[in-house]
$ cat final25.tsv   # TSV, C-alpha atoms and all ligand atoms
chain	number	residue	atom	x	y	z
O	953	MET	CA	-5.35	33.81	20.80
O	954	GLY	CA	-3.66	35.06	17.61
O	955	ARG	CA	-1.80	32.88	15.13
O	956	VAL	CA	1.54	34.43	16.20
O	957	GLN	CA	0.53	35.30	19.76
O	958	ASP	CA	3.36	36.94	21.77
O	959	LYS	CA	6.01	36.14	19.15
O	960	VAL	CA	8.73	38.81	18.86
O	961	VAL	CA	8.92	39.70	15.17
O	962	LEU	CA	11.61	41.88	13.58
O	963	ILE	CA	10.74	43.24	10.12
O	964	SER	CA	13.38	45.12	8.11
O	965	GLY	CA	11.92	47.77	5.82
O	966	GLY	CA	8.81	47.72	8.00
O	967	ALA	CA	7.90	51.39	7.62
O	968	MET	CA	6.14	51.27	4.25
O	969	GLY	CA	4.80	49.03	1.52
O	970	MET	CA	4.73	45.30	2.16
O	971	GLY	CA	6.82	45.54	5.35
O	972	ARG	CA	4.16	47.77	6.87
O	973	ALA	CA	1.41	45.37	5.81
O	974	HIS	CA	3.28	42.42	7.36
O	975	GLY	CA	3.63	44.39	10.60
O	976	GLU	CA	-0.06	45.29	10.67
O	977	LEU	CA	-1.23	41.72	10.06
O	978	LEU	CA	1.19	40.03	12.44
O	979	ALA	CA	0.37	42.55	15.19
O	980	ARG	CA	-3.35	41.82	14.67
O	981	GLU	CA	-2.46	38.16	15.16
O	982	GLY	CA	-0.85	38.86	18.53
O	983	ALA	CA	2.84	39.46	17.69
O	984	LYS	CA	5.11	42.09	19.23
O	985	VAL	CA	6.38	43.74	16.07
O	986	ILE	CA	9.60	45.70	15.64
O	987	LEU	CA	9.61	47.76	12.45
O	988	ALA	CA	13.24	48.48	11.50
O	989	ASP	CA	13.80	51.00	8.73
O	990	VAL	CA	15.92	53.89	7.43
O	991	ASN	CA	12.79	56.02	7.19
O	992	ALA	CA	12.24	57.06	10.81
O	993	LYS	CA	9.25	59.30	10.14
O	994	ALA	CA	7.28	56.63	8.27
O	995	GLY	CA	8.42	53.93	10.71
O	996	GLU	CA	7.29	55.84	13.77
O	997	GLU	CA	3.95	56.67	12.11
O	998	THR	CA	3.40	53.02	11.21
O	999	ALA	CA	4.26	51.82	14.72
O	1000	ALA	CA	1.91	54.43	16.22
O	1001	ALA	CA	-0.90	53.39	13.85
O	1002	ILE	CA	-0.50	49.71	14.82
O	1003	CYS	CA	-0.55	50.60	18.52
O	1004	ALA	CA	-3.62	52.83	18.02
O	1005	ALA	CA	-5.36	49.81	16.47
O	1006	GLY	CA	-4.63	47.79	19.62
O	1007	GLY	CA	-1.46	46.02	18.47
O	1008	LYS	CA	2.06	45.98	19.88
O	1009	ALA	CA	4.66	47.70	17.69
O	1010	GLU	CA	7.92	49.60	18.03
O	1011	PHE	CA	10.11	51.43	15.55
O	1012	ALA	CA	13.87	50.82	15.39
O	1013	SER	CA	16.22	52.90	13.27
O	1014	LEU	CA	18.15	50.61	10.90
O	1015	ASP	CA	20.08	50.86	7.68
O	1016	VAL	CA	20.36	47.20	6.70
O	1017	THR	CA	23.73	47.83	5.04
O	1018	SER	CA	25.27	48.53	8.49
O	1019	GLU	CA	26.36	45.45	10.40
O	1020	ALA	CA	26.81	47.59	13.55
O	1021	GLN	CA	23.23	48.92	13.33
O	1022	TRP	CA	21.81	45.41	12.95
O	1023	GLN	CA	23.65	44.37	16.11
O	1024	GLN	CA	22.34	47.41	17.98
O	1025	VAL	CA	18.76	46.69	16.94
O	1026	VAL	CA	19.02	43.01	17.90
O	1027	ASP	CA	20.70	43.83	21.24
O	1028	GLY	CA	17.93	46.33	22.01
O	1029	ILE	CA	15.23	43.74	21.28
O	1030	VAL	CA	16.95	41.11	23.44
O	1031	ALA	CA	17.24	43.65	26.28
O	1032	ARG	CA	13.52	44.52	26.07
O	1033	HIS	CA	11.93	41.21	25.02
O	1034	GLY	CA	14.54	38.52	25.79
O	1035	HIS	CA	14.71	36.98	22.31
O	1036	ILE	CA	13.55	37.09	18.69
O	1037	ASN	CA	11.12	34.50	17.29
O	1038	VAL	CA	10.74	35.72	13.70
O	1039	LEU	CA	12.91	37.76	11.33
O	1040	VAL	CA	11.39	39.06	8.11
O	1041	ASN	CA	14.23	40.18	5.83
O	1042	ASN	CA	12.03	42.46	3.75
O	1043	ALA	CA	14.01	45.67	3.07
O	1044	GLY	CA	14.95	45.93	-0.57
O	1045	ILE	CA	15.50	48.40	-3.39
O	1046	LEU	CA	14.63	48.16	-7.06
O	1047	LEU	CA	16.82	49.14	-10.00
O	1048	SER	CA	15.01	49.13	-13.34
O	1049	LYS	CA	18.03	49.05	-15.63
O	1050	SER	CA	19.38	46.67	-18.24
O	1051	LEU	CA	22.88	45.16	-18.06
O	1052	MET	CA	24.58	47.79	-20.24
O	1053	ASP	CA	22.95	50.72	-18.43
O	1054	THR	CA	23.89	49.52	-14.93
O	1055	SER	CA	26.92	51.23	-13.38
O	1056	THR	CA	29.21	49.40	-10.99
O	1057	ALA	CA	28.08	51.69	-8.17
O	1058	GLU	CA	24.42	50.87	-8.88
O	1059	TRP	CA	25.17	47.13	-8.95
O	1060	ASP	CA	27.00	47.40	-5.62
O	1061	ARG	CA	24.20	49.42	-4.00
O	1062	VAL	CA	21.54	46.87	-4.99
O	1063	PHE	CA	23.65	44.02	-3.62
O	1064	ASP	CA	24.50	45.98	-0.45
O	1065	VAL	CA	20.84	46.45	0.47
O	1066	ASN	CA	19.20	43.33	-0.98
O	1067	VAL	CA	21.85	40.70	-0.23
O	1068	ARG	CA	24.51	41.97	2.18
O	1069	GLY	CA	21.79	43.49	4.39
O	1070	MET	CA	20.10	40.10	4.59
O	1071	PHE	CA	23.41	38.41	5.44
O	1072	PHE	CA	24.07	40.89	8.27
O	1073	GLY	CA	20.51	40.64	9.58
O	1074	THR	CA	20.41	36.87	9.59
O	1075	ARG	CA	23.79	36.55	11.29
O	1076	ALA	CA	22.81	39.09	13.96
O	1077	ALA	CA	19.40	37.54	14.66
O	1078	VAL	CA	20.38	33.87	14.94
O	1079	PRO	CA	21.80	34.04	18.52
O	1080	ALA	CA	18.67	35.94	19.62
O	1081	MET	CA	16.51	33.19	18.06
O	1082	GLN	CA	18.52	30.49	19.78
O	1083	LYS	CA	17.55	32.15	23.08
O	1084	ALA	CA	13.94	31.32	22.11
O	1085	GLY	CA	14.82	27.72	21.24
O	1086	GLY	CA	14.39	28.34	17.51
O	1087	GLY	CA	12.49	30.54	15.14
O	1088	SER	CA	11.49	31.41	11.59
O	1089	ILE	CA	13.39	33.52	9.07
O	1090	ILE	CA	11.43	34.76	6.08
O	1091	ASN	CA	13.45	36.22	3.21
O	1092	ILE	CA	11.60	38.35	0.68
O	1093	SER	CA	12.85	37.52	-2.80
O	1094	SER	CA	10.69	38.09	-5.90
O	1095	ILE	CA	9.39	36.31	-8.98
O	1096	TYR	CA	12.43	38.04	-10.47
O	1097	GLY	CA	14.53	35.72	-8.32
O	1098	ILE	CA	13.05	32.82	-10.31
O	1099	ILE	CA	12.50	33.98	-13.90
O	1100	GLY	CA	14.08	36.52	-16.23
O	1101	ALA	CA	12.62	39.87	-17.32
O	1102	PRO	CA	13.92	42.96	-19.12
O	1103	MET	CA	15.49	45.96	-17.36
O	1104	ALA	CA	16.38	44.38	-14.04
O	1105	THR	CA	19.83	42.75	-14.21
O	1106	ALA	CA	21.18	43.75	-10.79
O	1107	TYR	CA	17.79	43.40	-9.08
O	1108	GLN	CA	17.21	39.93	-10.53
O	1109	ALA	CA	20.72	38.76	-9.66
O	1110	SER	CA	20.21	40.01	-6.09
O	1111	LYS	CA	16.83	38.31	-5.71
O	1112	GLY	CA	18.25	35.08	-7.15
O	1113	ALA	CA	20.96	35.31	-4.49
O	1114	VAL	CA	18.28	35.76	-1.82
O	1115	ARG	CA	16.50	32.64	-3.08
O	1116	LEU	CA	19.56	30.39	-2.79
O	1117	MET	CA	20.87	32.05	0.35
O	1118	SER	CA	17.56	31.08	1.93
O	1119	LYS	CA	18.12	27.43	1.05
O	1120	SER	CA	21.71	27.53	2.26
O	1121	CYS	CA	20.62	29.11	5.57
O	1122	ALA	CA	17.80	26.55	5.85
O	1123	VAL	CA	20.43	23.81	5.75
O	1124	ASP	CA	22.79	25.58	8.17
O	1125	LEU	CA	20.16	26.66	10.69
O	1126	SER	CA	17.78	23.69	10.83
O	1127	PRO	CA	19.94	22.05	13.56
O	1128	PHE	CA	19.06	25.08	15.73
O	1129	ASN	CA	15.33	24.63	15.03
O	1130	ILE	CA	15.39	27.79	12.89
O	1131	ARG	CA	13.32	27.44	9.72
O	1132	VAL	CA	14.31	29.57	6.72
O	1133	ASN	CA	12.04	30.09	3.71
O	1134	SER	CA	11.72	32.59	0.87
O	1135	VAL	CA	8.66	34.46	-0.38
O	1136	HIS	CA	8.40	35.46	-4.05
O	1137	PRO	CA	5.90	38.26	-4.67
O	1138	GLY	CA	4.78	39.16	-8.18
O	1139	VAL	CA	3.45	42.62	-9.06
O	1140	ILE	CA	2.47	44.31	-5.81
O	1141	ASP	CA	1.02	47.79	-5.42
O	1142	THR	CA	3.52	49.54	-3.08
O	1143	PRO	CA	5.57	52.76	-3.09
O	1144	MET	CA	8.33	50.75	-4.85
O	1145	THR	CA	6.17	50.06	-7.92
O	1146	LYS	CA	4.08	53.27	-7.87
O	1147	ASP	CA	5.97	54.92	-10.75
O	1148	LEU	CA	6.22	51.74	-12.84
O	1149	LEU	CA	2.54	50.86	-12.42
O	1150	SER	CA	1.56	54.40	-13.43
O	1151	GLN	CA	3.21	53.82	-16.83
O	1152	PRO	CA	0.51	52.23	-19.02
O	1153	GLN	CA	3.07	50.28	-21.07
O	1154	PHE	CA	4.65	48.62	-18.00
O	1155	ARG	CA	1.30	48.05	-16.30
O	1156	GLU	CA	-0.27	46.39	-19.34
O	1157	ALA	CA	2.78	44.19	-19.99
O	1158	ALA	CA	3.01	43.09	-16.33
O	1159	LEU	CA	-0.70	42.42	-15.97
O	1160	ALA	CA	-0.86	40.55	-19.29
O	1161	LEU	CA	1.48	37.99	-17.68
O	1162	THR	CA	-0.44	37.95	-14.38
O	1163	LEU	CA	-3.30	35.44	-14.51
O	1164	MET	CA	-5.29	37.47	-11.94
O	1165	ARG	CA	-4.94	40.55	-14.27
O	1166	ARG	CA	-4.34	42.93	-11.36
O	1167	PRO	CA	-1.51	43.88	-9.01
O	1168	ALA	CA	-1.76	42.45	-5.48
O	1169	ARG	CA	-2.47	44.47	-2.39
O	1170	PRO	CA	0.50	44.28	0.03
O	1171	ASP	CA	-1.62	42.43	2.61
O	1172	GLU	CA	-2.16	39.56	0.16
O	1173	VAL	CA	1.57	38.82	0.50
O	1174	SER	CA	1.38	39.31	4.28
O	1175	GLN	CA	-0.87	36.23	4.51
O	1176	ALA	CA	2.02	34.11	3.21
O	1177	VAL	CA	4.41	35.78	5.67
O	1178	LEU	CA	1.95	35.11	8.51
O	1179	PHE	CA	1.80	31.42	7.60
O	1180	LEU	CA	5.60	31.11	7.57
O	1181	ALA	CA	5.91	33.08	10.83
O	1182	SER	CA	3.35	30.89	12.61
O	1183	ASP	CA	3.73	27.37	13.95
O	1184	GLU	CA	1.27	26.27	11.23
O	1185	SER	CA	4.33	26.04	8.94
O	1186	SER	CA	6.34	23.94	11.41
O	1187	TYR	CA	7.44	21.48	8.69
O	1188	VAL	CA	8.02	24.05	5.93
O	1189	VAL	CA	11.77	24.55	5.47
O	1190	GLY	CA	13.75	25.84	2.49
O	1191	ALA	CA	10.53	26.42	0.54
O	1192	GLU	CA	9.82	29.06	-2.08
O	1193	LEU	CA	6.37	30.49	-1.49
O	1194	VAL	CA	5.29	32.20	-4.72
O	1195	VAL	CA	2.57	34.88	-4.35
O	1196	ASP	CA	2.25	36.20	-7.88
O	1197	GLY	CA	-1.33	35.91	-9.11
O	1198	GLY	CA	-0.12	33.25	-11.57
O	1199	TYR	CA	2.66	35.32	-13.20
O	1200	THR	CA	5.19	32.44	-13.24
O	1201	THR	CA	2.62	29.75	-14.11
V	1301	LIG	P1	8.92	49.75	-0.74
V	1301	LIG	O1	9.97	50.53	-1.46
V	1301	LIG	O2	7.50	50.15	-0.90
V	1301	LIG	O3	9.29	49.69	0.81
V	1301	LIG	C1	10.60	49.28	1.17
V	1301	LIG	C2	10.89	49.66	2.61
V	1301	LIG	O4	12.26	49.31	2.86
V	1301	LIG	C3	10.74	51.16	2.88
V	1301	LIG	O5	10.12	51.37	4.11
V	1301	LIG	C4	12.20	51.66	2.88
V	1301	LIG	O6	12.40	52.81	3.68
V	1301	LIG	C5	12.92	50.44	3.44
V	1301	LIG	N1	14.35	50.42	3.10
V	1301	LIG	C6	14.93	50.67	1.90
V	1301	LIG	N2	16.27	50.61	2.00
V	1301	LIG	C7	16.53	50.32	3.30
V	1301	LIG	C8	17.73	50.14	4.05
V	1301	LIG	N3	18.94	50.29	3.47
V	1301	LIG	N4	17.64	49.83	5.35
V	1301	LIG	C9	16.44	49.70	5.96
V	1301	LIG	N5	15.26	49.88	5.32
V	1301	LIG	C10	15.32	50.18	4.01
V	1301	LIG	O7	9.12	48.24	-1.21
V	1301	LIG	P2	8.07	47.02	-1.26
V	1301	LIG	O8	7.44	47.00	-2.59
V	1301	LIG	O9	7.23	47.02	-0.04
V	1301	LIG	O10	9.10	45.81	-1.25
V	1301	LIG	C11	9.40	45.05	-0.08
V	1301	LIG	C12	10.26	43.88	-0.52
V	1301	LIG	O11	9.53	43.09	-1.46
V	1301	LIG	C13	11.56	44.27	-1.21
V	1301	LIG	O12	12.58	43.38	-0.84
V	1301	LIG	C14	11.22	44.12	-2.68
V	1301	LIG	O13	12.37	43.89	-3.46
V	1301	LIG	C15	10.30	42.92	-2.64
V	1301	LIG	N6	9.39	42.80	-3.79
V	1301	LIG	C16	8.55	43.81	-4.15
V	1301	LIG	C17	7.67	43.61	-5.20
V	1301	LIG	C18	6.67	44.67	-5.63
V	1301	LIG	O14	6.04	44.48	-6.68
V	1301	LIG	N7	6.47	45.73	-4.89
V	1301	LIG	C19	7.67	42.41	-5.90
V	1301	LIG	C20	8.55	41.41	-5.51
V	1301	LIG	C21	9.40	41.61	-4.44

$ encode --input "final25.tsv" --output "structure tokens" --more "lines below"
Ligand code: NAD
Amino acid sequence: MGRVQDKVVLISGGAMGMGRAHGELLAREGAKVILADVNAKAGEETAAAICAAGGKAEFASLDVTSEAQWQQVVDGIVARHGHINVLVNNAGILLSKSLMDTSTAEWDRVFDVNVRGMFFGTRAAVPAMQKAGGGSIINISSIYGIIGAPMATAYQASKGAVRLMSKSCAVDLSPFNIRVNSVHPGVIDTPMTKDLLSQPQFREAALALTLMRRPARPDEVSQAVLFLASDESSYVVGAELVVDGGYTT
């Protein structure tokens, strides 16, 4: 019996990086995982790899900025599985630019994916969770949703929005037995940070602030997601789970 046995779990941005790691771990713990992503090739490969390892996984094509696509994905899951138990709002994009270098189009794009996508996904998934009698929504923010740093104005503003949107949704959705929490990763080794971590100046500066003095593996964040997805966190609501190797300490 896995820790999320038979739960239907929808993960946005589940094709690569941390989303993939969450899918792999939750499938090992018994979940039926739906990996929803714009990258169909990577998403299908990830779903096939999880199935080859004995788990249950499907790929669904999704651009989180499309309200219509979210609805299609949720409707498809309800048709096949009856309901959704867990939504991991994980898809996100990074913009490493300071205030004065950020164009209006770049600002809008970051907010479209990181915030509006989460709004659409949450609103689409709630009725499907109510069919299950409740559920858990896990919003992936960042340490940059808590503290300031250089070269990340739009990204930080978006992740701060995710942090407070999680609390607002926790208040709104608790009457439906839907728990909402946010996860705040620090420096994690994924495709998103590959270029940054290969720059010695960035790597040294980031790791100097990280008490563990290393980036995390994606699966180290997945353990926090697993806890929030499982019934072990049944009384955890509106919390900020920081997984940052001590960066914000
Ligand atoms: P990643 O870039 O490695 O993977 C992101 C995934 O999201 C990819 O599969 C990509 O195809 C998908 N995606 C991007 N735009 C999408 C869209 N419009 N619709 C659907 N899918 C889309 O990123 P990651 O490092 O795994 O980050 C996952 C989440 O964690 C993001 O929200 C990110 O902001 C956050 N985060 C990352 C770090 C880090 O150090 N890597 C730290 C803190 C928070």

$ atom_distance --input "final25.tsv" --atom1 "CA of Gly995 (chain O)" --atom2 "CA of Gln1151 (chain O)"
28.0 Å

$ axis_aligned_box --input "final25.tsv" --around "ligand LIG 1301 (chain V)" --padding-each-side "3 Å" --output "lines of an AutoDock Vina configuration file"
center_x = 12.5
center_y = 47.1
center_z = -0.4
size_x = 18.9
size_y = 17.4
size_z = 18.6

$ closest_residue --input "final25.tsv" --among "O:Phe1128, O:Ala1005, O:Gly1044, O:Gly1073" --to "Pro1143 (chain O)" --atoms "all atoms listed in the file"
O:Gly1044

$ residues_near_ligand --input "final25.tsv" --ligand "ligand LIG 1301 (chain V)" --cutoff "7 Å" --atoms "all atoms listed in the file" --output "ChimeraX atom specification"
/O:964-971,988-991,1014-1017,1042-1046,1065-1066,1092-1095,1136-1145

$ write_last_selection --input "final25.tsv" --atoms "C-alpha atoms" --output "compact mmCIF listing (two decimals), in the frame of the given file"
# COMPACT_ATOMS: atom_id res chain seq x y z
CA SER O 964 13.38 45.12 8.11
CA GLY O 965 11.92 47.77 5.82
CA GLY O 966 8.81 47.72 8.00
CA ALA O 967 7.90 51.39 7.62
CA MET O 968 6.14 51.27 4.25
CA GLY O 969 4.80 49.03 1.52
CA MET O 970 4.73 45.30 2.16
CA GLY O 971 6.82 45.54 5.35
CA ALA O 988 13.24 48.48 11.50
CA ASP O 989 13.80 51.00 8.73
CA VAL O 990 15.92 53.89 7.43
CA ASN O 991 12.79 56.02 7.19
CA LEU O 1014 18.15 50.61 10.90
CA ASP O 1015 20.08 50.86 7.68
CA VAL O 1016 20.36 47.20 6.70
CA THR O 1017 23.73 47.83 5.04
CA ASN O 1042 12.03 42.46 3.75
CA ALA O 1043 14.01 45.67 3.07
CA GLY O 1044 14.95 45.93 -0.57
CA ILE O 1045 15.50 48.40 -3.39
CA LEU O 1046 14.63 48.16 -7.06
CA VAL O 1065 20.84 46.45 0.47
CA ASN O 1066 19.20 43.33 -0.98
CA ILE O 1092 11.60 38.35 0.68
CA SER O 1093 12.85 37.52 -2.80
CA SER O 1094 10.69 38.09 -5.90
CA ILE O 1095 9.39 36.31 -8.98
CA HIS O 1136 8.40 35.46 -4.05
CA PRO O 1137 5.90 38.26 -4.67
CA GLY O 1138 4.78 39.16 -8.18
CA VAL O 1139 3.45 42.62 -9.06
CA ILE O 1140 2.47 44.31 -5.81
CA ASP O 1141 1.02 47.79 -5.42
CA THR O 1142 3.52 49.54 -3.08
CA PRO O 1143 5.57 52.76 -3.09
CA MET O 1144 8.33 50.75 -4.85
CA THR O 1145 6.17 50.06 -7.92

$ closest_residue --input "final25.tsv" --among "O:Ser1110, O:Glu1058, O:Ile1098, O:Ile1130" --to "Ala1077 (chain O)" --atoms "all atoms listed in the file"
O:Ile1130

$ atom_distance --input "final25.tsv" --atom1 "CA of Asn1091 (chain O)" --atom2 "CA of Glu1192 (chain O)"
9.6 Å

$ closest_residue --input "final25.tsv" --among "O:Ala1181, O:Ile1036, O:Leu1163, O:Ala1080" --to "Gly975 (chain O)" --atoms "only C-alpha atoms"
O:Ala1181

$ atom_distance --input "final25.tsv" --atom1 "CA of Thr1074 (chain O)" --atom2 "CA of Ala1106 (chain O)"
21.5 Å

$ closest_residue --input "final25.tsv" --among "O:Gly1069, O:Gln1153, O:Leu1051, O:Ala1084" --to "Thr1105 (chain O)" --atoms "all atoms listed in the file"
O:Leu1051

$ residues_near_point --input "final25.tsv" --point "(12.3, 35.7, 7.5)" --cutoff "8 Å" --atoms "only C-alpha atoms" --output "PyMOL selection string"
chain O and resi 1038-1042+1088-1092+1132-1134+1181

$ residues_around --input "final25.tsv" --residues "Met1117 (chain O)" --least-positions-apart "3" --cutoff "9 Å" --atoms "only C-alpha atoms" --output "PyMOL selection string"
chain O and resi 1067+1071+1091+1112-1114+1120-1122

$ closest_residue --input "final25.tsv" --among "O:Pro1102, O:Arg1075, O:Pro1127, O:Tyr1187" --to "Glu1019 (chain O)" --atoms "only C-alpha atoms"
O:Arg1075

$ closest_residue --input "final25.tsv" --among "O:Thr1200, O:Ala1057, O:Ser1048, O:Ile1002" --to "Asp1147 (chain O)" --atoms "all atoms listed in the file"
O:Ser1048

$ build_atoms --input "final25.tsv" --residues "region 995-1011 of chain O" --atoms "N, CA and C atoms" --output "PDB file, in the coordinates of the input"
ATOM      1  N   GLY O 995       8.382  55.060   9.774  1.00  0.00           N
ATOM      2  CA  GLY O 995       8.420  53.930  10.710  1.00  0.00           C
ATOM      3  C   GLY O 995       7.708  54.247  12.013  1.00  0.00           C
ATOM      4  N   GLU O 996       7.948  55.462  12.519  1.00  0.00           N
ATOM      5  CA  GLU O 996       7.290  55.840  13.770  1.00  0.00           C
ATOM      6  C   GLU O 996       5.790  55.990  13.563  1.00  0.00           C
ATOM      7  N   GLU O 997       5.394  56.533  12.406  1.00  0.00           N
ATOM      8  CA  GLU O 997       3.950  56.670  12.110  1.00  0.00           C
ATOM      9  C   GLU O 997       3.293  55.287  12.021  1.00  0.00           C
ATOM     10  N   THR O 998       3.981  54.356  11.361  1.00  0.00           N
ATOM     11  CA  THR O 998       3.400  53.020  11.210  1.00  0.00           C
ATOM     12  C   THR O 998       3.273  52.326  12.564  1.00  0.00           C
ATOM     13  N   ALA O 999       4.318  52.438  13.395  1.00  0.00           N
ATOM     14  CA  ALA O 999       4.260  51.820  14.720  1.00  0.00           C
ATOM     15  C   ALA O 999       3.120  52.435  15.545  1.00  0.00           C
ATOM     16  N   ALA O1000       2.980  53.760  15.457  1.00  0.00           N
ATOM     17  CA  ALA O1000       1.910  54.430  16.220  1.00  0.00           C
ATOM     18  C   ALA O1000       0.533  53.980  15.727  1.00  0.00           C
ATOM     19  N   ALA O1001       0.394  53.811  14.402  1.00  0.00           N
ATOM     20  CA  ALA O1001      -0.900  53.390  13.850  1.00  0.00           C
ATOM     21  C   ALA O1001      -1.245  51.970  14.318  1.00  0.00           C
ATOM     22  N   ILE O1002      -0.247  51.096  14.365  1.00  0.00           N
ATOM     23  CA  ILE O1002      -0.500  49.710  14.820  1.00  0.00           C
ATOM     24  C   ILE O1002      -0.906  49.719  16.296  1.00  0.00           C
ATOM     25  N   CYS O1003      -0.210  50.535  17.093  1.00  0.00           N
ATOM     26  CA  CYS O1003      -0.550  50.600  18.520  1.00  0.00           C
ATOM     27  C   CYS O1003      -1.956  51.194  18.714  1.00  0.00           C
ATOM     28  N   ALA O1004      -2.291  52.212  17.906  1.00  0.00           N
ATOM     29  CA  ALA O1004      -3.620  52.830  18.020  1.00  0.00           C
ATOM     30  C   ALA O1004      -4.717  51.826  17.688  1.00  0.00           C
ATOM     31  N   ALA O1005      -4.375  50.844  16.839  1.00  0.00           N
ATOM     32  CA  ALA O1005      -5.360  49.810  16.470  1.00  0.00           C
ATOM     33  C   ALA O1005      -5.378  48.661  17.477  1.00  0.00           C
ATOM     34  N   GLY O1006      -4.599  48.811  18.561  1.00  0.00           N
ATOM     35  CA  GLY O1006      -4.630  47.790  19.620  1.00  0.00           C
ATOM     36  C   GLY O1006      -3.509  46.778  19.551  1.00  0.00           C
ATOM     37  N   GLY O1007      -2.562  46.961  18.603  1.00  0.00           N
ATOM     38  CA  GLY O1007      -1.460  46.020  18.470  1.00  0.00           C
ATOM     39  C   GLY O1007      -0.231  46.476  19.250  1.00  0.00           C
ATOM     40  N   LYS O1008       0.801  45.646  19.216  1.00  0.00           N
ATOM     41  CA  LYS O1008       2.060  45.980  19.880  1.00  0.00           C
ATOM     42  C   LYS O1008       3.124  46.186  18.815  1.00  0.00           C
ATOM     43  N   ALA O1009       3.651  47.418  18.708  1.00  0.00           N
ATOM     44  CA  ALA O1009       4.660  47.700  17.690  1.00  0.00           C
ATOM     45  C   ALA O1009       5.632  48.758  18.176  1.00  0.00           C
ATOM     46  N   GLU O1010       6.873  48.616  17.721  1.00  0.00           N
ATOM     47  CA  GLU O1010       7.920  49.600  18.030  1.00  0.00           C
ATOM     48  C   GLU O1010       8.658  49.902  16.735  1.00  0.00           C
ATOM     49  N   PHE O1011       9.231  51.098  16.675  1.00  0.00           N
ATOM     50  CA  PHE O1011      10.110  51.430  15.550  1.00  0.00           C
ATOM     51  C   PHE O1011      11.555  51.332  15.996  1.00  0.00           C
TER      52      PHE O1011
END
